[in-house]
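One file, start-v1.cif, carrying mmCIF, C-alpha atoms:
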data_data
#
loop_
_atom_site.label_atom_id
_atom_site.label_comp_id
_atom_site.auth_asym_id
_atom_site.auth_seq_id
_atom_site.Cartn_x
_atom_site.Cartn_y
_atom_site.Cartn_z
CA MET A 1335 -14.61 147.08 61.00
CA ASP A 1336 -15.72 143.59 61.92
CA ASP A 1337 -19.21 144.67 63.07
CA TYR A 1338 -21.38 147.22 61.24
CA ASP A 1339 -24.20 146.90 63.77
CA ILE A 1340 -23.18 149.51 66.35
CA GLU A 1341 -25.32 151.43 68.80
CA LYS A 1342 -23.52 154.78 69.12
CA PRO A 1343 -22.35 156.86 66.15
CA ILE A 1344 -18.61 156.87 65.56
CA VAL A 1345 -16.44 159.38 63.69
CA ILE A 1346 -14.28 157.88 60.94
CA THR A 1347 -11.37 159.87 59.48
CA VAL A 1348 -9.60 158.52 56.40
CA VAL A 1349 -6.55 160.02 54.66
CA ALA A 1350 -5.77 158.93 51.08
CA ARG A 1351 -2.95 159.81 48.71
CA ARG A 1352 -2.80 159.91 44.92
CA ASN A 1353 0.44 159.19 43.07
CA ASP A 1354 0.72 162.80 41.87
CA GLY A 1355 1.27 163.80 45.51
CA GLU A 1356 -2.24 165.05 46.31
CA TYR A 1357 -3.70 164.12 49.70
CA ASN A 1358 -7.35 164.15 50.67
CA THR A 1359 -8.97 163.70 54.09
CA GLN A 1360 -12.58 162.62 54.48
CA ILE A 1361 -14.50 162.58 57.78
CA LEU A 1362 -17.91 161.02 58.31
CA THR A 1363 -20.13 160.05 61.17
CA TYR A 1364 -21.37 156.47 61.03
CA PRO A 1365 -24.18 155.66 61.04
CA THR A 1366 -26.01 158.70 59.70
CA SER A 1367 -29.76 158.73 59.97
CA GLY A 1368 -31.56 157.98 56.73
CA VAL A 1369 -28.53 156.51 54.91
CA ASP A 1370 -28.70 152.92 53.68
CA TYR A 1371 -25.07 151.72 53.78
CA GLU A 1372 -25.84 148.20 52.50
CA GLY A 1373 -22.92 146.89 54.54
CA ASN A 1374 -20.42 149.43 53.14
CA VAL A 1375 -19.20 152.82 54.29
CA ARG A 1376 -18.47 154.77 51.10
CA MET A 1377 -16.14 157.76 50.74
CA VAL A 1378 -15.21 159.65 47.57
CA PHE A 1379 -11.70 161.12 47.51
CA PHE A 1380 -10.37 162.01 44.05
CA ASP A 1381 -11.06 162.41 40.38
CA VAL A 1382 -8.86 159.65 39.02
CA ALA A 1383 -7.32 159.40 35.55
CA ARG A 1384 -6.21 156.13 34.03
CA SER A 1385 -2.60 156.75 35.07
CA HIS A 1386 -3.46 157.49 38.69
CA VAL A 1387 -2.82 155.15 41.61
CA CYS A 1388 -4.40 155.78 45.03
CA GLN A 1389 -3.76 154.43 48.50
CA ILE A 1390 -5.22 154.85 51.97
CA THR A 1391 -2.44 156.12 54.24
CA SER A 1392 -4.15 156.42 57.63
CA VAL A 1393 -7.47 155.80 59.39
CA PHE A 1394 -8.79 157.09 62.70
CA ILE A 1395 -11.95 156.08 64.58
CA ASN A 1396 -13.04 158.50 67.30
CA GLY A 1397 -9.53 159.92 67.16
CA HIS A 1398 -7.80 156.56 67.71
CA GLU A 1399 -5.42 155.41 64.98
CA VAL A 1400 -6.30 152.18 63.19
CA LYS A 1401 -3.55 149.93 61.84
CA THR A 1402 -3.46 147.66 58.80
CA TYR A 1403 -3.96 144.76 61.19
CA TYR A 1404 -6.94 144.41 63.52
CA THR A 1405 -6.70 147.08 66.18
CA ASP A 1406 -8.71 147.41 69.38
CA ILE A 1407 -10.63 150.67 69.55
CA PRO A 1408 -10.58 152.04 73.12
CA ASP A 1409 -13.99 152.71 74.69
CA LEU A 1410 -15.64 150.67 71.91
CA ASP A 1411 -16.30 146.97 71.98
CA MET A 1412 -14.89 146.47 68.48
CA GLN A 1413 -11.81 146.00 66.33
CA ALA A 1414 -10.95 147.64 63.01
CA ARG A 1415 -8.29 147.50 60.31
CA TYR A 1416 -7.78 149.02 56.85
CA ASP A 1417 -6.36 147.84 53.57
CA ASP A 1418 -3.49 149.95 52.20
CA SER A 1419 -3.37 148.20 48.84
CA LEU A 1420 -2.90 150.33 45.73
CA CYS A 1421 -6.10 151.09 43.83
CA ARG A 1422 -6.35 151.98 40.15
CA TYR A 1423 -8.98 153.68 38.03
CA ASP A 1424 -10.26 150.52 36.40
CA LYS A 1425 -8.65 147.09 36.66
CA LYS A 1426 -9.98 146.28 33.21
CA VAL A 1427 -7.84 149.01 31.67
CA ASN A 1428 -4.37 147.88 30.62
CA MET A 1429 -2.13 150.73 31.70
CA ASN A 1430 0.66 149.37 29.53
CA ASP A 1431 -1.46 149.81 26.40
CA ILE A 1432 0.39 152.87 25.07
CA ARG A 1433 -0.21 153.96 21.47
CA LEU A 1434 1.13 157.26 20.16
CA SER A 1435 -0.46 158.86 17.11
CA PHE A 1436 -1.38 162.27 15.70
CA GLN A 1437 -2.99 163.88 12.68
CA VAL A 1438 -2.10 167.14 10.94
CA LEU A 1439 -5.26 169.14 10.29
CA GLU A 1440 -6.00 170.75 6.94
CA THR A 1441 -6.63 174.42 7.72
CA ARG A 1442 -5.77 176.01 4.34
CA ASP A 1443 -4.24 178.77 6.49
CA PRO A 1444 -0.59 179.39 5.54
CA LYS A 1445 0.12 181.03 8.89
CA VAL A 1446 -0.61 178.00 11.10
CA LEU A 1447 0.23 174.33 11.44
CA GLN A 1448 -2.23 172.37 13.58
CA VAL A 1449 -1.46 168.95 15.06
CA LEU A 1450 -4.16 166.87 16.76
CA ASP A 1451 -2.77 164.40 19.30
CA GLU A 1452 -4.78 161.15 19.21
CA SER A 1453 -2.51 159.10 21.47
CA GLU A 1454 -3.43 156.62 24.17
CA TRP A 1455 -0.84 157.56 26.77
CA GLY A 1456 -1.57 154.96 29.47
CA LEU A 1457 0.93 155.25 32.31
CA LEU A 1458 2.60 158.17 30.50
CA GLU A 1459 -0.51 160.34 30.74
CA ASP A 1460 0.79 162.54 33.56
CA ARG A 1461 4.30 162.87 32.19
CA LYS A 1462 5.36 165.70 29.92
CA ALA A 1463 5.58 165.09 26.19
CA ILE A 1464 7.29 167.09 23.46
CA ILE A 1465 6.86 167.59 19.75
CA GLU A 1466 9.68 168.14 17.27
CA ILE A 1467 8.86 169.93 14.01
CA THR A 1468 11.42 170.31 11.24
CA THR A 1469 10.22 172.85 8.70
CA PRO A 1470 11.23 172.73 5.02
CA GLY A 1471 14.73 174.05 4.49
CA MET A 1472 15.72 173.68 8.15
CA SER A 1473 18.14 171.06 9.44
CA ASP A 1474 17.25 171.26 13.14
CA PRO A 1475 13.76 170.81 14.58
CA ALA A 1476 11.85 173.21 16.77
CA THR A 1477 11.16 171.43 20.07
CA LEU A 1478 8.03 172.36 22.03
CA PHE A 1479 5.79 170.89 24.71
CA LEU A 1480 2.87 168.84 23.38
CA GLY A 1481 -0.69 169.30 24.60
CA LYS A 1482 -1.99 165.76 24.92
CA ASN A 1483 -5.27 164.74 23.27
CA GLN A 1484 -5.91 168.24 21.94
CA VAL A 1485 -5.21 170.45 18.95
CA ASN A 1486 -1.75 172.06 19.06
CA THR A 1487 -1.36 175.21 16.93
CA PHE A 1488 2.06 176.35 15.75
CA THR A 1489 3.04 179.60 14.01
CA SER A 1490 6.19 181.20 12.65
CA LEU A 1491 6.81 182.58 16.15
CA THR A 1492 6.61 179.24 17.95
CA LEU A 1493 8.58 177.49 15.23
CA GLY A 1494 11.36 180.08 15.40
CA LEU A 1495 11.03 181.15 11.76
CA ASN A 1496 10.71 184.91 12.23
CA CYS A 1497 14.44 185.30 12.68
CA PHE A 1498 17.50 183.61 14.04
CA ASN A 1499 18.30 186.34 16.57
CA TYR A 1500 15.42 186.73 19.03
CA ASP A 1501 16.59 190.25 19.96
CA ASP A 1502 15.78 191.39 16.42
CA CYS A 1503 12.51 189.46 15.98
CA ASN A 1504 9.38 191.18 14.80
CA VAL A 1505 6.40 189.87 16.73
CA LYS A 1506 4.12 189.06 13.82
CA TYR A 1507 2.83 185.95 12.15
CA LEU A 1508 4.57 185.05 8.91
CA ASP A 1509 3.37 182.59 6.28
CA LEU A 1510 4.80 179.15 6.92
CA PRO A 1511 6.70 177.71 3.97
CA ASP A 1512 5.15 175.09 1.73
CA GLY A 1513 6.92 171.75 1.59
CA ILE A 1514 7.42 168.60 3.62
CA TYR A 1515 7.35 168.92 7.41
CA ASP A 1516 8.94 166.22 9.57
CA ILE A 1517 6.93 165.92 12.80
CA LYS A 1518 7.64 163.70 15.80
CA ILE A 1519 5.93 163.39 19.19
CA ILE A 1520 7.96 161.99 22.07
CA GLY A 1521 6.79 160.69 25.43
CA SER A 1522 8.72 160.04 28.63
CA PRO A 1523 10.71 157.84 28.34
CA SER A 1524 11.64 158.81 24.79
CA THR A 1525 11.45 155.20 23.62
CA TYR A 1526 7.75 155.99 23.18
CA ASN A 1527 7.54 158.14 20.07
CA PHE A 1528 5.70 158.50 16.78
CA SER A 1529 6.58 160.44 13.65
CA ARG A 1530 5.16 161.22 10.25
CA LYS A 1531 5.77 163.63 7.41
CA TYR A 1532 3.25 166.17 6.18
CA LEU A 1533 3.09 168.11 2.92
CA LYS A 1534 1.89 171.67 3.47
CA THR A 1535 0.65 173.38 0.29
CA ASP A 1536 -1.36 176.35 1.55
CA LEU A 1537 0.63 179.00 -0.35
CA ILE A 1538 0.42 177.03 -3.59
CA ARG A 1539 -3.32 176.59 -3.12
CA ARG A 1540 -3.75 180.31 -2.50
CA ARG A 1541 -2.11 181.01 -5.86
CA LEU A 1542 -4.32 178.38 -7.49
CA ASP A 1543 -7.36 180.09 -5.99
CA ARG A 1544 -6.36 183.32 -7.71
CA LEU A 1545 -5.98 181.47 -10.99
CA TRP A 1546 -9.39 179.83 -10.61
CA ILE A 1547 -10.98 183.26 -10.20
CA LYS A 1548 -9.41 184.41 -13.46
CA THR A 1549 -10.80 181.49 -15.48
CA ASP A 1550 -14.27 183.12 -15.71
CA VAL A 1551 -15.66 179.61 -15.40
CA LEU A 1552 -19.30 180.81 -15.61
CA CYS A 1553 -18.74 182.67 -18.85
CA GLU A 1554 -19.11 181.19 -22.33
CA ASP A 1555 -15.63 182.37 -23.24
CA LYS A 1556 -14.04 180.82 -20.13
CA ASP A 1557 -10.33 180.09 -20.33
CA LYS A 1558 -10.34 176.34 -20.99
CA ASP A 1559 -6.57 176.17 -21.37
CA LEU A 1560 -6.07 177.74 -17.94
CA ILE A 1561 -8.67 175.41 -16.42
CA ASP A 1562 -6.80 172.41 -17.84
CA LYS A 1563 -3.49 173.68 -16.39
CA ILE A 1564 -5.04 174.22 -12.95
CA GLN A 1565 -6.62 170.76 -12.95
CA GLU A 1566 -3.28 169.25 -13.93
CA MET A 1567 -1.62 170.98 -10.97
CA GLU A 1568 -4.40 169.87 -8.62
CA THR A 1569 -3.86 166.28 -9.76
CA LEU A 1570 -0.10 166.52 -9.32
CA MET A 1571 -0.53 167.87 -5.80
CA ALA A 1572 -2.82 164.97 -4.90
CA VAL A 1573 -0.17 162.56 -6.20
CA ALA A 1574 2.54 164.37 -4.20
CA GLU A 1575 0.46 164.10 -1.01
CA ALA A 1576 -0.04 160.38 -1.64
CA ASN A 1577 3.72 159.91 -2.04
CA VAL A 1578 4.38 161.70 1.26
CA ARG A 1579 1.86 159.48 3.07
CA LEU A 1580 3.65 156.43 1.66
CA ASP A 1581 7.07 157.91 2.53
CA ASN A 1582 8.14 158.30 -1.11
CA ILE A 1583 9.77 161.62 -0.28
CA GLU A 1584 12.04 161.97 -3.31
CA ALA A 1585 9.13 161.46 -5.70
CA ALA A 1586 7.04 163.96 -3.75
CA HIS A 1587 9.77 166.60 -4.06
CA GLU A 1588 10.01 166.07 -7.81
CA ILE A 1589 6.26 166.45 -8.24
CA ILE A 1590 6.05 169.60 -6.12
CA ASP A 1591 8.90 171.12 -8.14
CA ARG A 1592 6.90 170.31 -11.27
CA VAL A 1593 3.84 172.03 -9.81
CA GLY A 1594 5.95 175.09 -9.00
CA GLY A 1595 7.14 175.33 -12.60
CA LEU A 1596 3.63 174.95 -14.01
CA LEU A 1597 2.32 177.52 -11.55
CA GLU A 1598 4.90 180.08 -12.65
CA MET A 1599 4.03 179.46 -16.32
CA ALA A 1600 0.29 179.72 -15.73
CA THR A 1601 0.65 182.89 -13.63
CA ASN A 1602 2.86 184.59 -16.22
CA CYS A 1603 0.46 183.70 -19.03
CA VAL A 1604 -2.51 185.15 -17.16
CA ASP A 1605 -0.66 188.34 -16.18
CA CYS A 1606 0.92 188.98 -19.58
#

Structure rendered as structure tokens:
Amino acid sequence: MDDYDIEKPIVITVVARRNDGEYNTQILTYPTSGVDYEGNVRMVFFDVARSHVCQITSVFINGHEVKTYYTDIPDLDMQARYDDSLCRYDKKVNMNDIRLSFQVLETRDPKVLQVLDESEWGLLEDRKAIIEITTPGMSDPATLFLGKNQVNTFTSLTLGLNCFNYDDCNVKYLDLPDGIYDIKIIGSPSTYNFSRKYLKTDLIRRRLDRLWIKTDVLCEDKDKDLIDKIQEMETLMAVAEANVRLDNIEAAHEIIDRVGGLLEMATNCVDC
């Protein structure tokens, strides 16, 4: 409006649209007694995420449609127009600043694999994303939808490890295999992606826990030889994890195989 100093109240109807297809209509009577407008008539339409774009699509004053150019309002000595420019969440936010990243959480639970998405999705925020997980010993990945900016939990059921024929599957949670997992998250378009490898050792650590219990570490006659073997395996596992983080996969495999051999020896010696 070109004049906010009016004598009679007018009814303003505004329709706005968000780029996800949602429409919202707001109606107010201007002026309203007791409201200090400070030269602006304010309306709140949507909760807006960083990837949202909003636009006013139509305006009516006292039932008369207002155009994007100055329009005479019948029965009122005034003109009005509206701006249909696109509006974003925050002009200071660079919507093209897209950074994909995730962390694999240490749960020490052999039945689950948990992936925390830490990505900045920008304009991709409202588009679907997927995660591909290749488990040790498998050539093809399991492909699933990714929950953005949250913890995603995967089991033998979701990863398709219970069986290869779903008609014969038992609906129960199996231990996930130890080894190197190849994990990749993919946005839309797929040119936005991020991958990393993760060494899962929960089953090995469970066996080490049993060995630690048998060392009688609080006793005077504690098994020092067994303690030394366990500590050696713990050190080797730390070295294997470091190699995976630095993408030295072949070295990591060799070290884990070494741990497996030592673990069998230590277990047989304790049980004999």

**OP:** Give me the residues within 9 Å of Lys1531 in chain A as a ChimeraX atom specification, counting only C-alpha atoms and dropping any in the same chain fewer than 4 places off.
**Re:** /A:1514-1518,1578-1579,1581,1583

Taking C-alpha atoms for each residue, export the selection above as a PDB file, keeping the file's coordinate frame.
ATOM      1  CA  ILE A1514       7.420 168.600   3.620  1.00  0.00           C
ATOM      2  CA  TYR A1515       7.350 168.920   7.410  1.00  0.00           C
ATOM      3  CA  ASP A1516       8.940 166.220   9.570  1.00  0.00           C
ATOM      4  CA  ILE A1517       6.930 165.920  12.800  1.00  0.00           C
ATOM      5  CA  LYS A1518       7.640 163.700  15.800  1.00  0.00           C
ATOM      6  CA  VAL A1578       4.380 161.700   1.260  1.00  0.00           C
ATOM      7  CA  ARG A1579       1.860 159.480   3.070  1.00  0.00           C
ATOM      8  CA  ASP A1581       7.070 157.910   2.530  1.00  0.00           C
ATOM      9  CA  ILE A1583       9.770 161.620  -0.280  1.00  0.00           C
TER      10      ILE A1583
END

**OP:** Decode the PyMOL selection byres ((chain A and resi 1572) around 12) for the given file into explicit residues and return them as a PyMOL selection string.
**Re:** chain A and resi 1533-1535+1539+1565-1571+1573-1579+1586+1589-1590+1593

Subject >> Counting all atoms listed in the file, the option among A:Glu1598, A:Asp1559, A:Leu1493, A:Asp1460 closest to Ala1476 in chain A >> reply: A:Leu1493

Original post:
Exactly which residues make up the result of the PyMOL selection byres ((chain A and resi 1442-1455) around 7) on this file, given as a PyMOL selection string?
Top reply: chain A and resi 1432-1441+1456-1459+1482-1489+1507-1510+1536-1537

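Going from CA of Val1375 in chain A to CA of Arg1352 in chain A covers 20.2 Å.
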
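Distance check against Pro1511 in chain A using all atoms listed in the file: of A:Val1400, A:Asn1496, A:Leu1597, A:Thr1363, the minimum falls on A:Asn1496.
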
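The spacing separating CA of Val1349 in chain A from CA of Ile1390 in chain A amounts to 6.0 Å.
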
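Residues matching the PyMOL selection byres ((chain A and resi 1402) around 8) in this structure come to Val1400, Lys1401, Tyr1403, Tyr1404, Arg1415, Tyr1416, Asp1417 and Asp1418 of chain A.
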
Could you pull the residues within 10 Å of Asp1354 in chain A, counting all atoms listed in the file, minus those fewer than 3 positions along the same chain, as an mmCIF file with C-alpha atoms, keeping the file's coordinate frame?
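Heads up, here's the output in part-v5.cif:
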data_model
loop_
_atom_site.group_PDB
_atom_site.id
_atom_site.type_symbol
_atom_site.label_atom_id
_atom_site.label_comp_id
_atom_site.auth_asym_id
_atom_site.auth_seq_id
_atom_site.Cartn_x
_atom_site.Cartn_y
_atom_site.Cartn_z
ATOM 1 C CA ARG A 1351 -2.950 159.810 48.710
ATOM 2 C CA TYR A 1357 -3.700 164.120 49.700
ATOM 3 C CA SER A 1385 -2.600 156.750 35.070
ATOM 4 C CA HIS A 1386 -3.460 157.490 38.690
ATOM 5 C CA VAL A 1387 -2.820 155.150 41.610
ATOM 6 C CA CYS A 1388 -4.400 155.780 45.030
ATOM 7 C CA ASP A 1460 0.790 162.540 33.560
#

Spatial neighbours of Ile1519 in chain A, max dist 8 Å, all atoms listed in the file, sep filter under 4 positions, as a PDB file with C-alpha atoms, in the frame of the given file:
ATOM      1  CA  LEU A1434       1.130 157.260  20.160  1.00  0.00           C
ATOM      2  CA  ALA A1463       5.580 165.090  26.190  1.00  0.00           C
ATOM      3  CA  ILE A1464       7.290 167.090  23.460  1.00  0.00           C
ATOM      4  CA  ILE A1465       6.860 167.590  19.750  1.00  0.00           C
ATOM      5  CA  GLU A1466       9.680 168.140  17.270  1.00  0.00           C
ATOM      6  CA  LEU A1480       2.870 168.840  23.380  1.00  0.00           C
ATOM      7  CA  ASN A1527       7.540 158.140  20.070  1.00  0.00           C
ATOM      8  CA  PHE A1528       5.700 158.500  16.780  1.00  0.00           C
ATOM      9  CA  SER A1529       6.580 160.440  13.650  1.00  0.00           C
TER      10      SER A1529
END
